[in-house]
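File shown: protein.json. Contents: JSON, C-alpha atoms.
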```json
[["chain", "number", "residue", "atom", "x", "y", "z"],
["Z", 1, "MET", "CA", -138.79, 73.34, 119.07],
["Z", 2, "LEU", "CA", -141.44, 73.98, 121.70],
["Z", 3, "GLU", "CA", -139.99, 74.65, 125.13],
["Z", 4, "LEU", "CA", -142.13, 74.61, 128.27],
["Z", 5, "TYR", "CA", -140.52, 75.47, 131.60],
["Z", 6, "GLY", "CA", -137.13, 74.57, 130.19],
["Z", 7, "THR", "CA", -138.23, 71.24, 128.73],
["Z", 8, "LYS", "CA", -138.06, 70.83, 124.96],
["Z", 9, "LEU", "CA", -140.93, 68.94, 123.37],
["Z", 10, "ALA", "CA", -140.71, 67.28, 119.97],
["Z", 11, "SER", "CA", -144.45, 67.49, 119.32],
["Z", 12, "ARG", "CA", -146.93, 70.30, 119.80],
["Z", 13, "LEU", "CA", -149.76, 67.97, 120.73],
["Z", 14, "LEU", "CA", -150.55, 67.08, 124.33],
["Z", 15, "LEU", "CA", -153.10, 64.32, 124.74],
["Z", 16, "GLY", "CA", -155.46, 63.36, 127.53],
["Z", 17, "THR", "CA", -155.74, 59.76, 128.68],
["Z", 18, "ALA", "CA", -159.41, 59.55, 129.73],
["Z", 19, "GLN", "CA", -162.48, 57.95, 128.14],
["Z", 20, "TYR", "CA", -160.72, 55.54, 125.75],
["Z", 21, "PRO", "CA", -162.44, 52.22, 125.03],
["Z", 22, "SER", "CA", -159.51, 50.28, 126.49],
["Z", 23, "PRO", "CA", -155.97, 50.76, 127.80],
["Z", 24, "ALA", "CA", -154.59, 49.21, 124.61],
["Z", 25, "ILE", "CA", -156.45, 51.69, 122.42],
["Z", 26, "LEU", "CA", -155.25, 54.52, 124.64],
["Z", 27, "ALA", "CA", -151.65, 53.43, 124.16],
["Z", 28, "ASP", "CA", -152.06, 53.01, 120.40],
["Z", 29, "ALA", "CA", -153.77, 56.39, 120.09],
["Z", 30, "VAL", "CA", -151.02, 58.17, 122.00],
["Z", 31, "LYS", "CA", -148.39, 56.59, 119.76],
["Z", 32, "ALA", "CA", -150.33, 57.39, 116.57],
["Z", 33, "SER", "CA", -150.73, 61.03, 117.60],
["Z", 34, "CYS", "CA", -146.98, 61.45, 118.19],
["Z", 35, "ALA", "CA", -147.95, 63.47, 121.29],
["Z", 36, "SER", "CA", -145.11, 64.69, 123.44],
["Z", 37, "ALA", "CA", -146.99, 64.69, 126.72],
["Z", 38, "VAL", "CA", -150.03, 63.09, 128.29],
["Z", 39, "THR", "CA", -152.32, 64.35, 131.01],
["Z", 40, "VAL", "CA", -153.27, 62.23, 134.00],
["Z", 41, "SER", "CA", -155.25, 62.71, 137.20],
["Z", 42, "LEU", "CA", -155.61, 61.40, 140.75],
["Z", 43, "ARG", "CA", -158.66, 59.65, 142.11],
["Z", 44, "ARG", "CA", -159.57, 57.62, 145.19],
["Z", 45, "GLU", "CA", -158.03, 54.15, 145.25],
["Z", 46, "MET", "CA", -160.13, 51.23, 146.48],
["Z", 47, "ALA", "CA", -158.92, 49.28, 149.49],
["Z", 48, "GLY", "CA", -156.78, 46.44, 148.18],
["Z", 49, "GLY", "CA", -157.07, 47.86, 144.67],
["Z", 50, "ARG", "CA", -154.27, 48.09, 142.16],
["Z", 51, "GLY", "CA", -156.03, 50.05, 139.42],
["Z", 52, "GLY", "CA", -153.73, 53.00, 139.87],
["Z", 53, "GLU", "CA", -150.66, 50.82, 139.62],
["Z", 54, "LYS", "CA", -151.77, 49.29, 136.30],
["Z", 55, "PHE", "CA", -152.59, 52.64, 134.78],
["Z", 56, "TRP", "CA", -149.36, 54.22, 135.99],
["Z", 57, "SER", "CA", -147.35, 51.33, 134.54],
["Z", 58, "LEU", "CA", -149.04, 51.88, 131.19],
["Z", 59, "ILE", "CA", -148.27, 55.60, 131.23],
["Z", 60, "GLN", "CA", -144.65, 54.99, 132.19],
["Z", 61, "SER", "CA", -144.28, 52.55, 129.30],
["Z", 62, "LEU", "CA", -145.16, 55.36, 126.87],
["Z", 63, "ARG", "CA", -142.02, 57.26, 127.94],
["Z", 64, "LEU", "CA", -143.59, 60.69, 127.47],
["Z", 65, "HIS", "CA", -143.78, 63.77, 129.64],
["Z", 66, "VAL", "CA", -146.57, 63.51, 132.20],
["Z", 67, "LEU", "CA", -148.79, 66.47, 133.01],
["Z", 68, "PRO", "CA", -150.96, 65.73, 136.07],
["Z", 69, "ASN", "CA", -154.14, 67.76, 136.44],
["Z", 70, "THR", "CA", -156.32, 69.03, 139.25],
["Z", 71, "ALA", "CA", -159.52, 68.21, 137.38],
["Z", 72, "GLY", "CA", -162.68, 68.44, 139.41],
["Z", 73, "CYS", "CA", -161.27, 70.80, 142.01],
["Z", 74, "HIS", "CA", -163.59, 73.68, 142.83],
["Z", 75, "SER", "CA", -161.55, 75.44, 145.50],
["Z", 76, "VAL", "CA", -158.02, 76.76, 145.89],
["Z", 77, "LYS", "CA", -157.38, 74.41, 148.81],
["Z", 78, "GLU", "CA", -158.52, 71.34, 146.85],
["Z", 79, "ALA", "CA", -156.41, 72.27, 143.85],
["Z", 80, "VAL", "CA", -153.28, 73.03, 145.85],
["Z", 81, "THR", "CA", -153.45, 69.80, 147.86],
["Z", 82, "THR", "CA", -154.20, 67.76, 144.75],
["Z", 83, "ALA", "CA", -151.19, 69.33, 143.01],
["Z", 84, "LYS", "CA", -148.94, 68.42, 145.93],
["Z", 85, "MET", "CA", -150.28, 64.85, 145.95],
["Z", 86, "ALA", "CA", -149.67, 64.62, 142.21],
["Z", 87, "ARG", "CA", -146.09, 65.78, 142.62],
["Z", 88, "GLU", "CA", -145.58, 63.08, 145.23],
["Z", 89, "ILE", "CA", -146.81, 60.28, 142.96],
["Z", 90, "PHE", "CA", -145.75, 61.35, 139.50],
["Z", 91, "GLY", "CA", -142.42, 62.84, 140.45],
["Z", 92, "THR", "CA", -142.88, 65.99, 138.37],
["Z", 93, "ASN", "CA", -143.38, 69.62, 139.27],
["Z", 94, "TRP", "CA", -145.60, 70.10, 136.20],
["Z", 95, "ILE", "CA", -149.25, 70.65, 137.06],
["Z", 96, "LYS", "CA", -152.22, 71.41, 134.85],
["Z", 97, "LEU", "CA", -154.06, 73.69, 137.22],
["Z", 98, "GLU", "CA", -157.84, 73.56, 137.06],
["Z", 99, "VAL", "CA", -160.06, 75.41, 139.50],
["Z", 100, "ILE", "CA", -163.57, 74.91, 138.18],
["Z", 101, "GLY", "CA", -166.08, 77.68, 138.72],
["Z", 102, "ASN", "CA", -169.25, 76.39, 137.10],
["Z", 103, "HIS", "CA", -170.71, 72.90, 137.02],
["Z", 104, "ASP", "CA", -172.45, 73.30, 133.65],
["Z", 105, "THR", "CA", -169.77, 75.00, 131.58],
["Z", 106, "LEU", "CA", -166.75, 73.75, 133.57],
["Z", 107, "GLN", "CA", -165.30, 77.19, 133.05],
["Z", 108, "PRO", "CA", -162.43, 78.14, 135.31],
["Z", 109, "ASP", "CA", -162.91, 80.14, 138.48],
["Z", 110, "VAL", "CA", -160.30, 82.61, 137.35],
["Z", 111, "PHE", "CA", -160.04, 84.30, 140.76],
["Z", 112, "GLY", "CA", -159.31, 81.02, 142.49],
["Z", 113, "LEU", "CA", -157.06, 80.03, 139.61],
["Z", 114, "VAL", "CA", -154.80, 83.04, 140.05],
["Z", 115, "GLU", "CA", -154.64, 82.51, 143.82],
["Z", 116, "ALA", "CA", -153.80, 78.81, 143.47],
["Z", 117, "ALA", "CA", -151.27, 79.55, 140.73],
["Z", 118, "ARG", "CA", -149.45, 82.00, 142.99],
["Z", 119, "ILE", "CA", -149.28, 79.47, 145.84],
["Z", 120, "LEU", "CA", -148.03, 76.67, 143.59],
["Z", 121, "CYS", "CA", -145.51, 78.78, 141.68],
["Z", 122, "GLU", "CA", -144.00, 79.94, 144.99],
["Z", 123, "ASP", "CA", -143.79, 76.27, 145.98],
["Z", 124, "GLY", "CA", -141.73, 75.42, 142.90],
["Z", 125, "PHE", "CA", -144.42, 74.07, 140.62],
["Z", 126, "ALA", "CA", -144.40, 74.61, 136.86],
["Z", 127, "VAL", "CA", -148.01, 75.67, 136.53],
["Z", 128, "PHE", "CA", -150.00, 75.13, 133.33],
["Z", 129, "PRO", "CA", -153.18, 77.08, 134.09],
["Z", 130, "TYR", "CA", -156.42, 76.11, 132.40],
["Z", 131, "THR", "CA", -157.88, 79.56, 131.86],
["Z", 132, "THR", "CA", -160.17, 81.59, 129.65],
["Z", 133, "ASP", "CA", -159.13, 83.90, 126.83],
["Z", 134, "ASP", "CA", -159.39, 86.95, 129.15],
["Z", 135, "LEU", "CA", -156.29, 89.10, 128.77],
["Z", 136, "VAL", "CA", -156.39, 90.60, 132.27],
["Z", 137, "VAL", "CA", -156.60, 87.16, 133.86],
["Z", 138, "ALA", "CA", -153.70, 86.09, 131.66],
["Z", 139, "GLU", "CA", -151.63, 88.99, 132.93],
["Z", 140, "ARG", "CA", -152.45, 88.10, 136.54],
["Z", 141, "LEU", "CA", -151.41, 84.51, 135.93],
["Z", 142, "LEU", "CA", -148.09, 85.66, 134.51],
["Z", 143, "GLU", "CA", -147.60, 87.95, 137.50],
["Z", 144, "ALA", "CA", -148.30, 84.95, 139.75],
["Z", 145, "GLY", "CA", -145.39, 83.14, 138.16],
["Z", 146, "CYS", "CA", -146.92, 81.12, 135.32],
["Z", 147, "ARG", "CA", -144.71, 80.83, 132.24],
["Z", 148, "VAL", "CA", -147.29, 79.00, 130.11],
["Z", 149, "LEU", "CA", -150.96, 79.82, 129.54],
["Z", 150, "MET", "CA", -153.65, 77.38, 128.48],
["Z", 151, "PRO", "CA", -156.80, 79.17, 127.34],
["Z", 152, "TRP", "CA", -159.90, 77.22, 126.46],
["Z", 153, "CYS", "CA", -161.40, 77.70, 123.02],
["Z", 154, "ALA", "CA", -164.78, 76.25, 124.07],
["Z", 155, "PRO", "CA", -166.15, 74.33, 127.08],
["Z", 156, "ILE", "CA", -164.42, 71.07, 127.98],
["Z", 157, "GLY", "CA", -165.68, 68.16, 125.92],
["Z", 158, "SER", "CA", -168.01, 70.34, 123.85],
["Z", 159, "ALA", "CA", -166.22, 69.78, 120.51],
["Z", 160, "LEU", "CA", -167.40, 73.25, 119.47],
["Z", 161, "GLY", "CA", -163.96, 74.37, 118.34],
["Z", 162, "PRO", "CA", -162.80, 78.00, 118.60],
["Z", 163, "VAL", "CA", -165.92, 80.02, 119.45],
["Z", 164, "ASN", "CA", -164.04, 83.32, 119.74],
["Z", 165, "VAL", "CA", -161.24, 83.43, 117.21],
["Z", 166, "THR", "CA", -160.87, 87.17, 117.68],
["Z", 167, "ALA", "CA", -160.11, 86.70, 121.38],
["Z", 168, "LEU", "CA", -157.58, 83.97, 120.66],
["Z", 169, "ARG", "CA", -155.89, 86.12, 118.03],
["Z", 170, "SER", "CA", -155.79, 89.01, 120.50],
["Z", 171, "MET", "CA", -154.23, 86.79, 123.15],
["Z", 172, "ARG", "CA", -151.54, 85.68, 120.75],
["Z", 173, "GLY", "CA", -150.83, 89.29, 119.88],
["Z", 174, "HIS", "CA", -150.64, 90.45, 123.50],
["Z", 175, "PHE", "CA", -148.31, 87.70, 124.67],
["Z", 176, "PRO", "CA", -145.96, 87.01, 121.77],
["Z", 177, "GLU", "CA", -143.26, 85.46, 123.96],
["Z", 178, "VAL", "CA", -145.46, 83.30, 126.21],
["Z", 179, "PRO", "CA", -146.12, 79.69, 125.20],
["Z", 180, "LEU", "CA", -149.87, 79.48, 124.59],
["Z", 181, "ILE", "CA", -151.61, 76.12, 124.50],
["Z", 182, "VAL", "CA", -155.25, 75.83, 123.52],
["Z", 183, "ASP", "CA", -156.78, 73.49, 126.05],
["Z", 184, "ALA", "CA", -160.35, 72.26, 125.85],
["Z", 185, "GLY", "CA", -163.14, 72.49, 123.33],
["Z", 186, "LEU", "CA", -161.44, 71.18, 120.21],
["Z", 187, "GLY", "CA", -163.65, 68.80, 118.25],
["Z", 188, "ARG", "CA", -162.02, 68.30, 114.89],
["Z", 189, "PRO", "CA", -158.52, 68.23, 113.45],
["Z", 190, "SER", "CA", -159.44, 71.35, 111.46],
["Z", 191, "HIS", "CA", -160.04, 73.16, 114.77],
["Z", 192, "ALA", "CA", -156.54, 72.24, 115.87],
["Z", 193, "ALA", "CA", -155.10, 73.37, 112.56],
["Z", 194, "LEU", "CA", -156.95, 76.68, 112.86],
["Z", 195, "VAL", "CA", -155.56, 77.59, 116.28],
["Z", 196, "MET", "CA", -152.08, 76.52, 115.22],
["Z", 197, "GLU", "CA", -152.42, 78.76, 112.15],
["Z", 198, "LEU", "CA", -153.21, 81.60, 114.57],
["Z", 199, "GLY", "CA", -149.78, 81.05, 116.08],
["Z", 200, "PHE", "CA", -150.64, 79.07, 119.18],
["Z", 201, "ASP", "CA", -147.75, 76.96, 120.34],
["Z", 202, "ALA", "CA", -149.58, 73.70, 121.02],
["Z", 203, "VAL", "CA", -152.94, 72.11, 121.68],
["Z", 204, "LEU", "CA", -154.16, 69.86, 124.45],
["Z", 205, "LEU", "CA", -157.16, 67.66, 123.79],
["Z", 206, "ASN", "CA", -158.78, 64.46, 124.95],
["Z", 207, "THR", "CA", -162.45, 63.83, 124.22],
["Z", 208, "ALA", "CA", -162.33, 64.41, 120.47],
["Z", 209, "VAL", "CA", -159.83, 61.57, 120.15],
["Z", 210, "ALA", "CA", -160.98, 59.24, 122.90],
["Z", 211, "ARG", "CA", -164.66, 59.31, 121.89],
["Z", 212, "ALA", "CA", -164.09, 59.02, 118.14],
["Z", 213, "ALA", "CA", -165.29, 55.88, 116.43],
["Z", 214, "ASP", "CA", -161.64, 55.10, 115.74],
["Z", 215, "PRO", "CA", -159.52, 56.84, 118.41],
["Z", 216, "VAL", "CA", -156.25, 55.71, 116.86],
["Z", 217, "GLY", "CA", -157.16, 57.11, 113.45],
["Z", 218, "MET", "CA", -158.41, 60.35, 115.00],
["Z", 219, "ALA", "CA", -155.26, 60.68, 117.06],
["Z", 220, "ARG", "CA", -153.18, 60.36, 113.92],
["Z", 221, "ALA", "CA", -155.37, 62.95, 112.16],
["Z", 222, "PHE", "CA", -154.96, 65.45, 115.01],
["Z", 223, "GLY", "CA", -151.22, 64.94, 114.98],
["Z", 224, "LYS", "CA", -151.08, 65.78, 111.28],
["Z", 225, "ALA", "CA", -153.40, 68.77, 111.71],
["Z", 226, "VAL", "CA", -151.23, 70.25, 114.45],
["Z", 227, "ASP", "CA", -148.13, 69.85, 112.29],
["Z", 228, "ALA", "CA", -149.91, 71.31, 109.25],
["Z", 229, "GLY", "CA", -151.21, 74.30, 111.19],
["Z", 230, "ARG", "CA", -147.80, 75.04, 112.65],
["Z", 231, "GLU", "CA", -146.08, 74.73, 109.29],
["Z", 232, "ALA", "CA", -148.67, 77.05, 107.74],
["Z", 233, "TYR", "CA", -148.19, 79.64, 110.49],
["Z", 234, "ARG", "CA", -144.43, 79.60, 110.06],
["Z", 235, "SER", "CA", -144.76, 79.82, 106.27],
["Z", 236, "GLY", "CA", -146.80, 83.02, 106.29],
["Z", 237, "LEU", "CA", -150.50, 82.82, 105.53],
["Z", 238, "LEU", "CA", -152.05, 84.94, 102.80],
["Z", 239, "GLU", "CA", -154.39, 87.59, 104.17],
["Z", 240, "PRO", "CA", -157.96, 87.43, 102.85],
["Z", 241, "ARG", "CA", -158.97, 89.97, 100.18],
["Z", 242, "ASP", "CA", -162.35, 91.28, 99.13],
["Z", 243, "VAL", "CA", -161.61, 91.20, 95.41],
["Z", 244, "ALA", "CA", -160.53, 88.50, 93.02],
["Z", 245, "VAL", "CA", -156.90, 88.45, 91.91],
["Z", 246, "PRO", "CA", -156.07, 86.20, 88.97],
["Z", 247, "SER", "CA", -153.44, 83.61, 89.73],
["Z", 248, "THR", "CA", -152.61, 82.96, 86.07],
["Z", 249, "PRO", "CA", -150.46, 85.71, 84.48],
["Z", 250, "THR", "CA", -152.44, 88.17, 82.36],
["Z", 251, "ILE", "CA", -149.39, 89.45, 80.49],
["Z", 252, "GLY", "CA", -149.04, 87.79, 77.15],
["Z", 253, "GLN", "CA", -152.61, 86.61, 76.99],
["Z", 254, "ALA", "CA", -153.76, 86.12, 73.37],
["Z", 255, "VAL", "CA", -156.56, 88.17, 71.88],
["Z", 256, "LEU", "CA", -158.84, 85.71, 70.14],
["Z", 257, "GLN", "CA", -162.02, 87.68, 69.66],
["O", 1, "MET", "CA", -161.51, 55.69, 166.71],
["O", 2, "LYS", "CA", -163.86, 56.98, 164.03],
["O", 3, "LEU", "CA", -162.17, 57.83, 160.75],
["O", 4, "THR", "CA", -163.44, 58.73, 157.30],
["O", 5, "VAL", "CA", -161.39, 57.05, 154.60],
["O", 6, "ASN", "CA", -162.08, 58.04, 151.00],
["O", 7, "GLY", "CA", -165.52, 59.21, 152.05],
["O", 8, "GLU", "CA", -166.47, 56.06, 153.97],
["O", 9, "ALA", "CA", -166.86, 55.86, 157.74],
["O", 10, "HIS", "CA", -164.57, 53.42, 159.57],
["O", 11, "GLU", "CA", -164.37, 52.40, 163.23],
["O", 12, "ILE", "CA", -160.79, 51.31, 163.50],
["O", 13, "ALA", "CA", -158.01, 51.17, 166.09],
["O", 14, "THR", "CA", -154.82, 52.26, 164.36],
["O", 15, "ALA", "CA", -152.36, 54.76, 165.71],
["O", 16, "THR", "CA", -150.59, 55.94, 162.58],
["O", 17, "LEU", "CA", -151.41, 56.57, 158.97],
["O", 18, "ALA", "CA", -149.03, 53.81, 157.89],
["O", 19, "GLU", "CA", -150.85, 51.33, 160.15],
["O", 20, "LEU", "CA", -154.18, 52.41, 158.68],
["O", 21, "LEU", "CA", -152.96, 51.76, 155.14],
["O", 22, "ALA", "CA", -151.68, 48.32, 156.10],
["O", 23, "THR", "CA", -154.88, 47.42, 157.95],
["O", 24, "LEU", "CA", -157.04, 48.39, 154.98],
["O", 25, "ASP", "CA", -154.74, 46.58, 152.54],
["O", 26, "TYR", "CA", -153.34, 49.64, 150.80],
["O", 27, "GLU", "CA", -149.81, 49.23, 149.56],
["O", 28, "GLY", "CA", -147.59, 50.53, 146.79],
["O", 29, "ASN", "CA", -145.53, 53.58, 145.96],
["O", 30, "TRP", "CA", -148.19, 54.90, 143.59],
["O", 31, "LEU", "CA", -150.42, 56.10, 146.44],
["O", 32, "ALA", "CA", -150.67, 59.64, 147.78],
["O", 33, "THR", "CA", -152.27, 60.45, 151.11],
["O", 34, "ALA", "CA", -153.90, 63.48, 152.67],
["O", 35, "VAL", "CA", -155.29, 63.93, 156.16],
["O", 36, "ASN", "CA", -157.86, 66.66, 156.73],
["O", 37, "SER", "CA", -157.10, 68.09, 153.28],
["O", 38, "ASP", "CA", -153.34, 68.36, 153.75],
["O", 39, "LEU", "CA", -150.76, 66.17, 152.03],
["O", 40, "VAL", "CA", -148.94, 63.66, 154.22],
["O", 41, "HIS", "CA", -145.76, 62.54, 152.47],
["O", 42, "ALA", "CA", -145.14, 58.81, 152.16],
["O", 43, "ALA", "CA", -142.05, 59.16, 154.33],
["O", 44, "GLU", "CA", -144.11, 60.75, 157.12],
["O", 45, "ARG", "CA", -146.87, 58.12, 157.34],
["O", 46, "ALA", "CA", -145.15, 55.88, 159.86],
["O", 47, "LEU", "CA", -144.96, 58.69, 162.41],
["O", 48, "PHE", "CA", -148.19, 60.49, 161.51],
["O", 49, "GLN", "CA", -150.57, 60.02, 164.44],
["O", 50, "LEU", "CA", -154.25, 59.80, 163.57],
["O", 51, "LYS", "CA", -156.96, 61.12, 165.84],
["O", 52, "ASP", "CA", -160.67, 60.62, 166.16],
["O", 53, "GLY", "CA", -162.62, 62.28, 163.36],
["O", 54, "ASP", "CA", -159.76, 62.53, 160.88],
["O", 55, "ARG", "CA", -160.62, 62.51, 157.19],
["O", 56, "ILE", "CA", -158.14, 60.53, 155.11],
["O", 57, "GLU", "CA", -157.88, 60.56, 151.35],
["O", 58, "ILE", "CA", -155.90, 57.85, 149.56],
["O", 59, "LEU", "CA", -155.41, 58.62, 145.87],
["O", 60, "SER", "CA", -153.72, 56.88, 142.97],
["O", 61, "PRO", "CA", -153.04, 57.62, 139.28],
["O", 62, "MET", "CA", -156.08, 57.71, 137.06],
["O", 63, "GLN", "CA", -156.92, 58.65, 133.50],
["O", 64, "GLY", "CA", -157.29, 62.38, 133.01],
["O", 65, "GLY", "CA", -157.80, 65.05, 130.40]]
```
Rewrite the coordinates I just gave you, this time as structure tokens.
Amino acid sequence: MLELYGTKLASRLLLGTAQYPSPAILADAVKASCASAVTVSLRREMAGGRGGEKFWSLIQSLRLHVLPNTAGCHSVKEAVTTAKMAREIFGTNWIKLEVIGNHDTLQPDVFGLVEAARILCEDGFAVFPYTTDDLVVAERLLEAGCRVLMPWCAPIGSALGPVNVTALRSMRGHFPEVPLIVDAGLGRPSHAALVMELGFDAVLLNTAVARAADPVGMARAFGKAVDAGREAYRSGLLEPRDVAVPSTPTIGQAVLQ
Amino acid sequence: MKLTVNGEAHEIATATLAELLATLDYEGNWLATAVNSDLVHAAERALFQLKDGDRIEILSPMQGG
């Protein structure tokens, strides 16, 4: 069973809660996916507003692990303060740490990420860093105290799927004992299955489900793909070969010429 | 006293952060507050003195990826 910062999770799918057509569809999609955790964020509340209360009630009713994020933060200070505010509201020390470095690609500012991770880990947070597939950055994050890494496989919301399978495979090989979660860029269930077949421990996705024509159906499909990919990885995948090898026995074949 | 609350300018006479929240009709245990980019815990709001020019952020749970 997947274990993240001492917490055992029944499912290897973590699902985002943004961009769904309605709160009811969000709830149904989460249930259909069998996700073990959902991501949430913090935003400005309107004076007299109760939007946050309604959303938080919905999330609590799902009875899943909650992973707050620091989405939209472009500096270490912003990310650290947002993490502390999230801990205050959500009552968890889990934080999906995002320090964005580029407006167009939404790629992480890995230098700020490492700095913020160190500050938050020392403050008792369980940091889930949204990072790239760079091995040196990964090592720095582990040195900072992270016990989970969340590399992107493509830009957030792009639906491109794994654009650098070699790098992902290398990351898995370099950190065999570290839980690795592919976060961002997945577009199709087959993408999720592929990274799970590579040996990644879990996937985190949002847009591909929320923006599907049928989010509930797509959530279910992703849940199955994650399970299938994991089962395939554990079962031992056949390595590709350059030549054909007959699957039907050749011994005992009749000569009928 | 001039304050900036969630990016909007306010001219308001409140001494503490808790009074500000009450005056602007913010209530509930799902709110988190920061003053000048630093977290102010809910338990500290009643004693947290505001001063002219402070920037206050009042956040609540929202959908996220």
Using all atoms listed in the file, the shortest atom-to-atom distance to chain O among Z:Leu205, Z:Leu9, Z:Cys146, Z:Ala27 belongs to Z:Leu205
Using all atoms listed in the file, I'd like every residue of chain Z that has an atom within 9 Å of chain O; please write them out as a ChimeraX atom specification. /Z:15-19,38-56,68-69,71,77-78,81-82,84-86,88-90,184,204-207
I'd like the box whose edges run along x, y and z of the file and which contains every listed atom of segment 20-38 of chain O, padded by 4 Å per side; could you state its centre and edge lengths in Å, one decimal, as AutoDock Vina command-line options?
```
--center_x -151.7 --center_y 57.5 --center_z 151.1 --size_x 20.3 --size_y 29.8 --size_z 23.1
```
